[in-house]
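Data from entry_5.cif: mmCIF, C-alpha atoms
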```
data_structure
#
loop_
_atom_site.label_atom_id
_atom_site.label_comp_id
_atom_site.auth_asym_id
_atom_site.auth_seq_id
_atom_site.Cartn_x
_atom_site.Cartn_y
_atom_site.Cartn_z
CA MET O 4 0.00 0.00 0.00
CA ALA O 5 1.11 3.55 -0.66
CA GLU O 6 0.61 4.59 2.96
CA LYS O 7 2.10 3.13 6.11
CA ALA O 8 1.14 -0.45 6.81
CA LEU O 9 -1.88 -1.04 9.00
CA ASP O 10 -1.15 -1.53 12.70
CA VAL O 11 -2.97 -4.82 13.30
CA LEU O 12 -3.68 -5.40 16.99
CA TYR O 13 -5.60 -8.68 16.67
CA GLU O 14 -6.80 -10.95 13.89
CA ASP O 15 -8.49 -14.34 13.59
CA ASN O 16 -10.88 -15.93 11.10
CA HIS O 17 -13.77 -13.74 12.23
CA ILE O 18 -12.53 -10.29 13.27
CA ILE O 19 -9.62 -7.91 12.83
CA ALA O 20 -8.72 -4.98 15.09
CA ILE O 21 -6.64 -2.03 13.89
CA ASN O 22 -4.88 0.74 15.82
CA LYS O 23 -6.21 3.75 13.89
CA ARG O 24 -4.00 6.75 13.20
CA PRO O 25 -5.59 10.16 13.92
CA SER O 26 -5.77 11.13 10.24
CA ASP O 27 -7.66 8.04 9.07
CA ILE O 28 -11.40 7.79 8.56
CA VAL O 29 -13.13 4.52 9.42
CA GLN O 30 -15.83 4.67 6.75
CA GLY O 31 -16.14 6.65 3.52
CA ASP O 32 -17.45 10.22 3.77
CA LYS O 33 -17.87 13.38 1.68
CA THR O 34 -14.10 14.01 1.64
CA GLY O 35 -13.61 11.09 -0.73
CA ASP O 36 -10.51 10.01 1.22
CA GLU O 37 -9.83 6.28 1.31
CA PRO O 38 -11.41 4.84 4.47
CA MET O 39 -9.89 2.24 6.76
CA SER O 40 -12.50 -0.28 5.65
CA GLU O 41 -10.95 -0.23 2.15
CA LYS O 42 -7.41 -0.39 3.53
CA VAL O 43 -8.37 -3.45 5.57
CA LYS O 44 -9.81 -5.08 2.45
CA GLN O 45 -6.57 -4.41 0.59
CA PHE O 46 -4.57 -5.81 3.51
CA LEU O 47 -6.65 -9.02 3.63
CA ARG O 48 -6.61 -9.41 -0.14
CA ALA O 49 -2.82 -9.18 -0.22
CA LYS O 50 -2.19 -11.28 2.90
CA TYR O 51 -4.35 -14.18 1.81
CA ASP O 52 -3.97 -13.72 -1.95
CA LYS O 53 -7.73 -13.46 -2.36
CA PRO O 54 -9.14 -12.77 -5.82
CA GLY O 55 -12.24 -10.61 -6.14
CA GLU O 56 -14.20 -8.96 -3.37
CA VAL O 57 -13.18 -9.24 0.29
CA PHE O 58 -15.70 -8.91 3.13
CA CYS O 59 -14.96 -6.22 5.72
CA GLY O 60 -17.84 -5.16 7.94
CA VAL O 61 -17.69 -1.81 9.76
CA VAL O 62 -18.81 -2.43 13.34
CA HIS O 63 -18.26 0.99 14.93
CA ARG O 64 -16.48 4.28 14.26
CA ILE O 65 -14.30 6.76 16.11
CA ASP O 66 -13.82 10.38 15.06
CA ARG O 67 -11.21 11.19 12.43
CA PRO O 68 -8.84 13.13 14.77
CA VAL O 69 -9.03 10.33 17.37
CA SER O 70 -6.62 7.38 17.47
CA GLY O 71 -6.99 3.87 18.81
CA VAL O 72 -8.61 0.48 18.46
CA VAL O 73 -11.25 -0.09 15.78
CA LEU O 74 -12.94 -3.45 15.16
CA PHE O 75 -13.90 -4.84 11.76
CA ALA O 76 -15.77 -8.07 10.98
CA LYS O 77 -14.32 -10.52 8.46
CA THR O 78 -17.57 -12.48 8.09
CA SER O 79 -21.26 -11.56 7.97
CA LYS O 80 -21.90 -13.80 10.99
CA ALA O 81 -19.33 -11.91 13.07
CA LEU O 82 -20.71 -8.57 11.89
CA THR O 83 -24.27 -9.45 12.95
CA ARG O 84 -23.15 -10.67 16.36
CA LEU O 85 -20.81 -7.71 16.99
CA ASN O 86 -23.59 -5.30 16.02
CA GLU O 87 -25.78 -6.97 18.63
CA LEU O 88 -23.06 -6.67 21.29
CA PHE O 89 -22.83 -2.94 20.61
CA ARG O 90 -26.61 -2.58 20.61
CA THR O 91 -26.94 -4.28 23.99
CA LYS O 92 -23.89 -2.42 25.37
CA ASP O 93 -22.08 -5.68 26.08
CA ILE O 94 -18.81 -4.16 24.89
CA LYS O 95 -16.72 -2.14 27.33
CA LYS O 96 -14.70 0.72 25.82
CA THR O 97 -11.90 2.58 27.57
CA TYR O 98 -10.44 5.84 26.27
CA TRP O 99 -7.44 7.90 27.32
CA ALA O 100 -7.44 11.69 26.98
CA VAL O 101 -4.85 14.38 27.62
CA VAL O 102 -6.19 17.63 29.07
CA LYS O 103 -4.53 20.82 30.31
CA ASN O 104 -6.99 21.70 33.08
CA LYS O 105 -7.19 19.29 36.00
CA PRO O 106 -10.72 18.17 36.92
CA LYS O 107 -11.91 19.34 40.35
CA GLU O 108 -12.18 15.70 41.43
CA ASP O 109 -9.66 12.98 40.58
CA GLU O 110 -12.49 10.61 39.71
CA GLY O 111 -16.17 11.02 38.96
CA THR O 112 -19.21 10.46 36.76
CA LEU O 113 -20.44 13.12 34.35
CA VAL O 114 -24.04 13.39 33.18
CA HIS O 115 -25.08 15.81 30.45
CA TYR O 116 -27.86 16.09 27.89
CA LEU O 117 -26.55 16.39 24.34
CA ILE O 118 -28.05 17.80 21.17
CA LYS O 119 -26.31 17.26 17.83
CA ASP O 120 -26.08 20.10 15.32
CA GLU O 121 -25.96 18.27 11.98
CA LYS O 122 -24.91 21.34 9.97
CA LYS O 123 -21.92 22.12 12.17
CA ASN O 124 -21.15 18.45 12.99
CA LYS O 125 -21.02 19.45 16.63
CA SER O 126 -22.90 18.62 19.82
CA ARG O 127 -23.98 20.91 22.63
CA GLY O 128 -24.28 19.72 26.23
CA TYR O 129 -26.73 20.77 28.93
CA LEU O 130 -26.67 19.99 32.65
CA GLU O 131 -30.45 19.57 32.80
CA PRO O 132 -32.87 17.65 30.54
CA HIS O 133 -33.49 19.63 27.37
CA LYS O 134 -35.95 19.22 24.51
CA GLY O 135 -34.48 16.88 21.92
CA ALA O 136 -31.39 16.14 24.03
CA LEU O 137 -30.08 12.66 24.78
CA LYS O 138 -28.79 11.71 28.21
CA SER O 139 -25.02 11.15 28.09
CA GLU O 140 -22.98 9.59 30.87
CA LEU O 141 -19.34 8.68 31.39
CA HIS O 142 -16.92 7.85 34.17
CA TYR O 143 -13.47 9.43 34.31
CA LYS O 144 -10.34 9.03 36.43
CA VAL O 145 -7.06 10.96 36.54
CA LEU O 146 -4.25 8.48 35.81
CA ALA O 147 -1.15 10.68 35.65
CA LYS O 148 0.15 14.22 35.23
CA THR O 149 3.12 15.97 33.71
CA ASP O 150 4.26 19.56 34.28
CA THR O 151 1.61 20.74 31.83
CA TYR O 152 -1.00 18.06 31.20
CA PHE O 153 -3.16 15.42 32.86
CA LEU O 154 -3.89 11.93 31.54
CA LEU O 155 -7.50 10.81 32.06
CA GLU O 156 -9.10 7.41 31.64
CA ILE O 157 -12.69 7.51 30.41
CA ASN O 158 -15.34 4.79 30.31
CA PRO O 159 -18.37 5.99 28.34
CA ILE O 160 -21.64 4.54 29.63
CA THR O 161 -23.65 5.86 26.68
CA GLY O 162 -22.47 6.37 23.10
CA ARG O 163 -23.44 9.82 21.85
CA HIS O 164 -22.01 12.01 19.09
CA HIS O 165 -18.70 13.56 20.27
CA GLN O 166 -19.75 12.61 23.81
CA ILE O 167 -16.33 12.46 25.48
CA ARG O 168 -15.18 15.65 23.78
CA VAL O 169 -18.31 17.57 24.81
CA GLN O 170 -18.48 16.29 28.37
CA LEU O 171 -14.82 16.86 29.23
CA SER O 172 -15.08 20.36 27.77
CA ALA O 173 -18.23 21.03 29.81
CA MET O 174 -16.30 19.93 32.91
CA GLY O 175 -13.69 22.57 32.13
CA SER O 176 -11.09 20.12 30.80
CA PRO O 177 -11.15 20.27 26.98
CA ILE O 178 -8.97 17.71 25.19
CA LYS O 179 -5.58 18.90 23.90
CA GLY O 180 -5.91 20.03 20.28
CA ASP O 181 -9.72 19.99 20.24
CA ILE O 182 -10.49 23.58 19.26
CA LYS O 183 -14.03 22.55 18.30
CA TYR O 184 -14.71 22.00 21.99
CA GLY O 185 -12.73 24.69 23.72
CA PHE O 186 -9.01 23.96 23.59
CA ASP O 187 -7.02 27.08 22.70
CA ARG O 188 -4.93 25.73 19.79
CA THR O 189 -4.80 22.88 17.32
CA ASN O 190 -2.27 20.08 17.17
CA LYS O 191 0.09 20.38 14.18
CA ASP O 192 -1.21 17.15 12.63
CA ALA O 193 -4.90 18.08 13.20
CA SER O 194 -5.25 15.26 15.73
CA ILE O 195 -6.72 15.57 19.18
CA HIS O 196 -5.29 13.82 22.24
CA LEU O 197 -8.11 11.30 22.58
CA HIS O 198 -7.26 7.61 22.17
CA ALA O 199 -9.48 4.52 22.11
CA ARG O 200 -7.22 2.60 24.46
CA LYS O 201 -9.03 -0.67 25.11
CA ILE O 202 -12.06 -2.71 24.10
CA GLU O 203 -13.37 -5.71 26.04
CA PHE O 204 -16.06 -8.13 24.89
CA THR O 205 -17.02 -11.77 24.40
CA HIS O 206 -15.78 -13.08 21.05
CA PRO O 207 -18.81 -13.25 18.73
CA VAL O 208 -18.05 -16.80 17.53
CA LYS O 209 -15.64 -18.39 20.01
CA GLN O 210 -17.63 -17.06 23.00
CA THR O 211 -14.43 -16.42 24.97
CA PRO O 212 -13.44 -13.15 26.73
CA LEU O 213 -11.30 -10.89 24.56
CA THR O 214 -9.44 -7.70 25.49
CA ILE O 215 -7.67 -5.63 22.84
CA ILE O 216 -5.33 -2.80 23.85
CA ALA O 217 -4.00 -0.12 21.49
CA PRO O 218 -0.65 1.58 22.22
CA THR O 219 -0.86 5.38 22.19
CA PRO O 220 0.64 7.34 19.27
CA ASP O 221 4.42 7.79 19.32
CA GLU O 222 4.24 11.51 20.05
CA VAL O 223 5.93 13.78 22.62
CA VAL O 224 2.96 14.59 24.86
CA TRP O 225 1.48 11.10 24.73
CA ASN O 226 4.88 9.61 25.51
CA ALA O 227 5.40 11.94 28.49
CA CYS O 228 1.95 11.19 29.95
CA VAL O 229 2.19 7.44 29.49
CA LYS O 230 5.73 7.37 30.89
CA ASP O 231 4.52 9.18 34.00
CA PHE O 232 1.58 6.77 34.31
CA ASN O 233 3.84 3.73 33.96
CA LEU O 234 6.25 5.12 36.54
CA SER O 235 3.45 5.77 39.03
CA GLU O 236 2.01 2.28 38.42
CA ASN O 237 5.39 0.64 38.98
CA ALA O 238 5.87 2.61 42.18
CA LYS O 239 2.83 1.00 43.79
#
```
Taking this structure as input, can you express it in the form of structure tokens?
Amino acid sequence: MAEKALDVLYEDNHIIAINKRPSDIVQGDKTGDEPMSEKVKQFLRAKYDKPGEVFCGVVHRIDRPVSGVVLFAKTSKALTRLNELFRTKDIKKTYWAVVKNKPKEDEGTLVHYLIKDEKKNKSRGYLEPHKGALKSELHYKVLAKTDTYFLLEINPITGRHHQIRVQLSAMGSPIKGDIKYGFDRTNKDASIHLHARKIEFTHPVKQTPLTIIAPTPDEVVWNACVKDFNLSENAK
């Protein structure tokens, strides 16, 4: 492939998990840029020397400027079963975020009511129920800090449009690089410091527990935050 090789985190006969780079899109959109779903098809076609069409089912998406683990189904059976796991919320997702402003509490649960603005591709959060708004809930915890930034772990309880970005911003801790939701400047590569770190679920065919972890991008701020987290963990 013309671009860098895919970072494959896990693969078997039924599913494949990729560590997405911030610039990639999961599924085709109006930009016309090649989506990850097509790159995965190319990867599978080349790896297994498959003629003709290759099946690659898109199970879920993460925002373009976000990095981390993305699941794809290699069979229609796996796709149907993974879709059901997402529908019933039997998949646990863990994100890491880098923020400049420390939350008031080191750990807590945020509840907001979100409305999506389709034209601006942006969501607005309210503290109280609002007409047309969807309840959004997440749990966060401060994992580490550097001289400038804080590393948060986030477990979304609901799955709303831009939920983590909106709710952290509403808490007063916008994500580094996310000017759409209140950070003061962009990252040079147009990424934001939000990473889909881990996904945990029961394998759709094997029916065994599966945990997939995505390393953070090899980047100065990420590296500093993760190093501090690792040091603090090892000190326990």
> Which residue, O:Thr214, O:Ser176, O:Asn22, O:Asn226, has the smallest gap to Lys107 of chain O when you use only C-alpha atoms?
Replying inline: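 Nearest candidate to Lys107 of chain O out of O:Thr214, O:Ser176, O:Asn22, O:Asn226: O:Ser176.
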> So, counting all atoms listed in the file, which residue among O:Ser235, O:His165, O:Thr189, O:Leu213 is closest to Glu121 of chain O?
Replying inline: O:His165
> Which one is closest to Thr91 of chain O: O:Thr161, O:Val43, O:Ala49, O:Arg67? Count only C-alpha atoms.
Replying inline: O:Thr161
>> What would the selection look like, as a ChimeraX atom specification, if the PyMOL selection byres ((chain O and resi 150) around 12) were run on the coordinates I just shared?
In response: /O:102-105,147-149,151-154,224,227-228,231
>> If we count only C-alpha atoms and set the cut-off at 6 Å, which residues sit around segment 59-66 of chain O, ignoring sequence neighbours fewer than 2 positions away in its own chain? Please answer as an MDAnalysis selection string.
In response: chainID O and resid 29 68:69 75:77 82
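This file, filtered with the PyMOL selection byres ((chain O and resi 138) around 9), gives the residues Val114, His115, Tyr116, Leu117, Pro132, Ala136, Leu137, Ser139, Glu140, Thr161 and Arg163 of chain O.
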Just C-alpha atoms for this one: save the residues we selected as a PDB file, in the frame of the given file.
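Writing the result to again.pdb gives the following:
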```pdb
ATOM      1  CA  VAL O 114     -24.040  13.390  33.180  1.00  0.00           C
ATOM      2  CA  HIS O 115     -25.080  15.810  30.450  1.00  0.00           C
ATOM      3  CA  TYR O 116     -27.860  16.090  27.890  1.00  0.00           C
ATOM      4  CA  LEU O 117     -26.550  16.390  24.340  1.00  0.00           C
ATOM      5  CA  PRO O 132     -32.870  17.650  30.540  1.00  0.00           C
ATOM      6  CA  ALA O 136     -31.390  16.140  24.030  1.00  0.00           C
ATOM      7  CA  LEU O 137     -30.080  12.660  24.780  1.00  0.00           C
ATOM      8  CA  SER O 139     -25.020  11.150  28.090  1.00  0.00           C
ATOM      9  CA  GLU O 140     -22.980   9.590  30.870  1.00  0.00           C
ATOM     10  CA  THR O 161     -23.650   5.860  26.680  1.00  0.00           C
ATOM     11  CA  ARG O 163     -23.440   9.820  21.850  1.00  0.00           C
TER      12      ARG O 163
END
```
>> So, with all atoms listed in the file as the atoms that count, which of O:Tyr184, O:Glu108, O:Gly35, O:Thr78 lies closest to Ile19 of chain O?
In response: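 Nearest to Ile19 of chain O: O:Thr78.
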>> With 12 Å as the threshold, what does the neighbourhood of (-22.7, -2.8, 24.5) contain in terms of residues, counting all atoms listed in the file? Coordinates are those of the file; answer as a list in words.
In response: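 Every residue inside that radius is included here: Val62, His63, Arg84, Leu85, Asn86, Glu87, Leu88, Phe89, Arg90, Thr91, Lys92, Asp93, Ile94, Lys95, Lys96, Pro159, Ile160, Thr161, Gly162, Ile202, Glu203, Phe204 and Thr205 of chain O.
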>> Given the point (-20.3, 17.4, 22.6) in the coordinates of this file, which residues lie within 10 Å, counting all atoms listed in the file, and how would they look as number ranges by chain?
In response: O: 115-120, 124-129, 139, 163-173, 183-184
Now that the selection is made, can you save its residues with C-alpha atoms as a PDB file, in the coordinates of the input?
```pdb
ATOM      1  CA  HIS O 115     -25.080  15.810  30.450  1.00  0.00           C
ATOM      2  CA  TYR O 116     -27.860  16.090  27.890  1.00  0.00           C
ATOM      3  CA  LEU O 117     -26.550  16.390  24.340  1.00  0.00           C
ATOM      4  CA  ILE O 118     -28.050  17.800  21.170  1.00  0.00           C
ATOM      5  CA  LYS O 119     -26.310  17.260  17.830  1.00  0.00           C
ATOM      6  CA  ASP O 120     -26.080  20.100  15.320  1.00  0.00           C
ATOM      7  CA  ASN O 124     -21.150  18.450  12.990  1.00  0.00           C
ATOM      8  CA  LYS O 125     -21.020  19.450  16.630  1.00  0.00           C
ATOM      9  CA  SER O 126     -22.900  18.620  19.820  1.00  0.00           C
ATOM     10  CA  ARG O 127     -23.980  20.910  22.630  1.00  0.00           C
ATOM     11  CA  GLY O 128     -24.280  19.720  26.230  1.00  0.00           C
ATOM     12  CA  TYR O 129     -26.730  20.770  28.930  1.00  0.00           C
ATOM     13  CA  SER O 139     -25.020  11.150  28.090  1.00  0.00           C
ATOM     14  CA  ARG O 163     -23.440   9.820  21.850  1.00  0.00           C
ATOM     15  CA  HIS O 164     -22.010  12.010  19.090  1.00  0.00           C
ATOM     16  CA  HIS O 165     -18.700  13.560  20.270  1.00  0.00           C
ATOM     17  CA  GLN O 166     -19.750  12.610  23.810  1.00  0.00           C
ATOM     18  CA  ILE O 167     -16.330  12.460  25.480  1.00  0.00           C
ATOM     19  CA  ARG O 168     -15.180  15.650  23.780  1.00  0.00           C
ATOM     20  CA  VAL O 169     -18.310  17.570  24.810  1.00  0.00           C
ATOM     21  CA  GLN O 170     -18.480  16.290  28.370  1.00  0.00           C
ATOM     22  CA  LEU O 171     -14.820  16.860  29.230  1.00  0.00           C
ATOM     23  CA  SER O 172     -15.080  20.360  27.770  1.00  0.00           C
ATOM     24  CA  ALA O 173     -18.230  21.030  29.810  1.00  0.00           C
ATOM     25  CA  LYS O 183     -14.030  22.550  18.300  1.00  0.00           C
ATOM     26  CA  TYR O 184     -14.710  22.000  21.990  1.00  0.00           C
TER      27      TYR O 184
END
```
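By all atoms listed in the file, and with residues fewer than 2 positions from Lys144 of chain O along its chain excluded, the set lying at most 10 Å from it is O:Trp99, O:Pro106, O:Glu108, O:Asp109, O:Glu110, O:Gly111, O:Thr112, O:His142, O:Leu146, O:Ala147, O:Leu154, O:Leu155, O:Glu156, O:Ile157, O:Asn158.
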Selected residues, C-alpha atoms, written as a short mmCIF file (atom, residue, chain, number, x, y, z; two decimals), in the frame of the given file, please.
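New file part.cif:
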```cif
data_model
loop_
_atom_site.label_atom_id
_atom_site.label_comp_id
_atom_site.auth_asym_id
_atom_site.auth_seq_id
_atom_site.Cartn_x
_atom_site.Cartn_y
_atom_site.Cartn_z
CA TRP O 99 -7.44 7.90 27.32
CA PRO O 106 -10.72 18.17 36.92
CA GLU O 108 -12.18 15.70 41.43
CA ASP O 109 -9.66 12.98 40.58
CA GLU O 110 -12.49 10.61 39.71
CA GLY O 111 -16.17 11.02 38.96
CA THR O 112 -19.21 10.46 36.76
CA HIS O 142 -16.92 7.85 34.17
CA LEU O 146 -4.25 8.48 35.81
CA ALA O 147 -1.15 10.68 35.65
CA LEU O 154 -3.89 11.93 31.54
CA LEU O 155 -7.50 10.81 32.06
CA GLU O 156 -9.10 7.41 31.64
CA ILE O 157 -12.69 7.51 30.41
CA ASN O 158 -15.34 4.79 30.31
#
```
> Of the candidates O:Ala100, O:Met39, O:Ile21, O:Ile195, which shows the shortest atom-to-atom distance to Leu74 of chain O, using only C-alpha atoms?
Replying inline: O:Ile21
Just need the box for segment 75-88 of chain O, edges along x, y and z, holding every atom the file lists for it with 3 Å tacked onto each side, so centre and edge lengths in Å to one decimal, as lines of an AutoDock Vina configuration file.
```
center_x = -19.8
center_y = -9.3
center_z = 14.6
size_x = 17.9
size_y = 15.0
size_z = 19.3
```
>> Quick check, in Å to one decimal: how far apart do atom CA of Ser79 of chain O and atom CA of Leu9 of chain O lie?
In response: 22.1 Å
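Distance-wise, atom CA of Lys191 of chain O and atom CA of Val223 of chain O end up 12.2 Å apart.
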> O:Leu234, O:Ile178, O:Lys50, O:Lys80: which is nearest Pro207 of chain O, counting all atoms listed in the file?
Replying inline: O:Lys80
>> Could you tell me how far atom CA of Ile18 of chain O sits from atom CA of Glu222 of chain O, in Å to one decimal place?
In response: 28.3 Å
>> Which residues are close to Asn190 of chain O, i.e. within 10 Å by all atoms listed in the file, leaving aside same-chain residues fewer than 4 positions away? Reply as a ChimeraX atom specification.
In response: /O:68,179-182,194-196
>> If we count all atoms listed in the file and set the cut-off at 8 Å, which residues sit around Val57 of chain O, ignoring sequence neighbours fewer than 2 positions away in its own chain? Please answer as a ChimeraX atom specification.
In response: /O:44,47-48,53,55,59
As a PDB file, keeping the file's coordinate frame, could you write out segment 20-36 of chain O once it has been completed with N, CA and C atoms?
```
ATOM      1  N   ALA O  20      -8.741  -6.252  14.357  1.00  0.00           N
ATOM      2  CA  ALA O  20      -8.720  -4.980  15.090  1.00  0.00           C
ATOM      3  C   ALA O  20      -7.492  -4.188  14.675  1.00  0.00           C
ATOM      4  N   ILE O  21      -7.695  -2.911  14.379  1.00  0.00           N
ATOM      5  CA  ILE O  21      -6.640  -2.030  13.890  1.00  0.00           C
ATOM      6  C   ILE O  21      -6.441  -0.877  14.869  1.00  0.00           C
ATOM      7  N   ASN O  22      -5.182  -0.467  15.045  1.00  0.00           N
ATOM      8  CA  ASN O  22      -4.880   0.740  15.820  1.00  0.00           C
ATOM      9  C   ASN O  22      -4.908   1.913  14.832  1.00  0.00           C
ATOM     10  N   LYS O  23      -5.985   2.672  14.862  1.00  0.00           N
ATOM     11  CA  LYS O  23      -6.210   3.750  13.890  1.00  0.00           C
ATOM     12  C   LYS O  23      -5.310   4.951  14.159  1.00  0.00           C
ATOM     13  N   ARG O  24      -4.740   5.492  13.094  1.00  0.00           N
ATOM     14  CA  ARG O  24      -4.000   6.750  13.200  1.00  0.00           C
ATOM     15  C   ARG O  24      -5.003   7.911  13.206  1.00  0.00           C
ATOM     16  N   PRO O  25      -4.644   9.039  13.822  1.00  0.00           N
ATOM     17  CA  PRO O  25      -5.590  10.160  13.920  1.00  0.00           C
ATOM     18  C   PRO O  25      -6.116  10.665  12.573  1.00  0.00           C
ATOM     19  N   SER O  26      -5.347  10.556  11.512  1.00  0.00           N
ATOM     20  CA  SER O  26      -5.770  11.130  10.240  1.00  0.00           C
ATOM     21  C   SER O  26      -6.724  10.243   9.450  1.00  0.00           C
ATOM     22  N   ASP O  27      -6.843   8.985   9.838  1.00  0.00           N
ATOM     23  CA  ASP O  27      -7.660   8.040   9.070  1.00  0.00           C
ATOM     24  C   ASP O  27      -9.148   8.196   9.359  1.00  0.00           C
ATOM     25  N   ILE O  28      -9.960   7.876   8.352  1.00  0.00           N
ATOM     26  CA  ILE O  28     -11.400   7.790   8.560  1.00  0.00           C
ATOM     27  C   ILE O  28     -11.783   6.310   8.510  1.00  0.00           C
ATOM     28  N   VAL O  29     -12.751   5.928   9.329  1.00  0.00           N
ATOM     29  CA  VAL O  29     -13.130   4.520   9.420  1.00  0.00           C
ATOM     30  C   VAL O  29     -13.972   4.109   8.225  1.00  0.00           C
ATOM     31  N   GLN O  30     -14.903   4.968   7.836  1.00  0.00           N
ATOM     32  CA  GLN O  30     -15.830   4.670   6.750  1.00  0.00           C
ATOM     33  C   GLN O  30     -15.857   5.853   5.793  1.00  0.00           C
ATOM     34  N   GLY O  31     -16.141   5.598   4.523  1.00  0.00           N
ATOM     35  CA  GLY O  31     -16.140   6.650   3.520  1.00  0.00           C
ATOM     36  C   GLY O  31     -17.057   7.814   3.869  1.00  0.00           C
ATOM     37  N   ASP O  32     -16.625   9.035   3.522  1.00  0.00           N
ATOM     38  CA  ASP O  32     -17.450  10.220   3.770  1.00  0.00           C
ATOM     39  C   ASP O  32     -17.320  11.185   2.590  1.00  0.00           C
ATOM     40  N   LYS O  33     -17.821  12.408   2.774  1.00  0.00           N
ATOM     41  CA  LYS O  33     -17.870  13.380   1.680  1.00  0.00           C
ATOM     42  C   LYS O  33     -16.488  13.841   1.235  1.00  0.00           C
ATOM     43  N   THR O  34     -15.443  13.595   2.044  1.00  0.00           N
ATOM     44  CA  THR O  34     -14.100  14.010   1.640  1.00  0.00           C
ATOM     45  C   THR O  34     -13.580  13.185   0.463  1.00  0.00           C
ATOM     46  N   GLY O  35     -14.093  11.968   0.338  1.00  0.00           N
ATOM     47  CA  GLY O  35     -13.610  11.090  -0.730  1.00  0.00           C
ATOM     48  C   GLY O  35     -12.292  10.417  -0.408  1.00  0.00           C
ATOM     49  N   ASP O  36     -11.758  10.655   0.804  1.00  0.00           N
ATOM     50  CA  ASP O  36     -10.510  10.010   1.220  1.00  0.00           C
ATOM     51  C   ASP O  36     -10.740   8.516   1.415  1.00  0.00           C
TER      52      ASP O  36
END
```
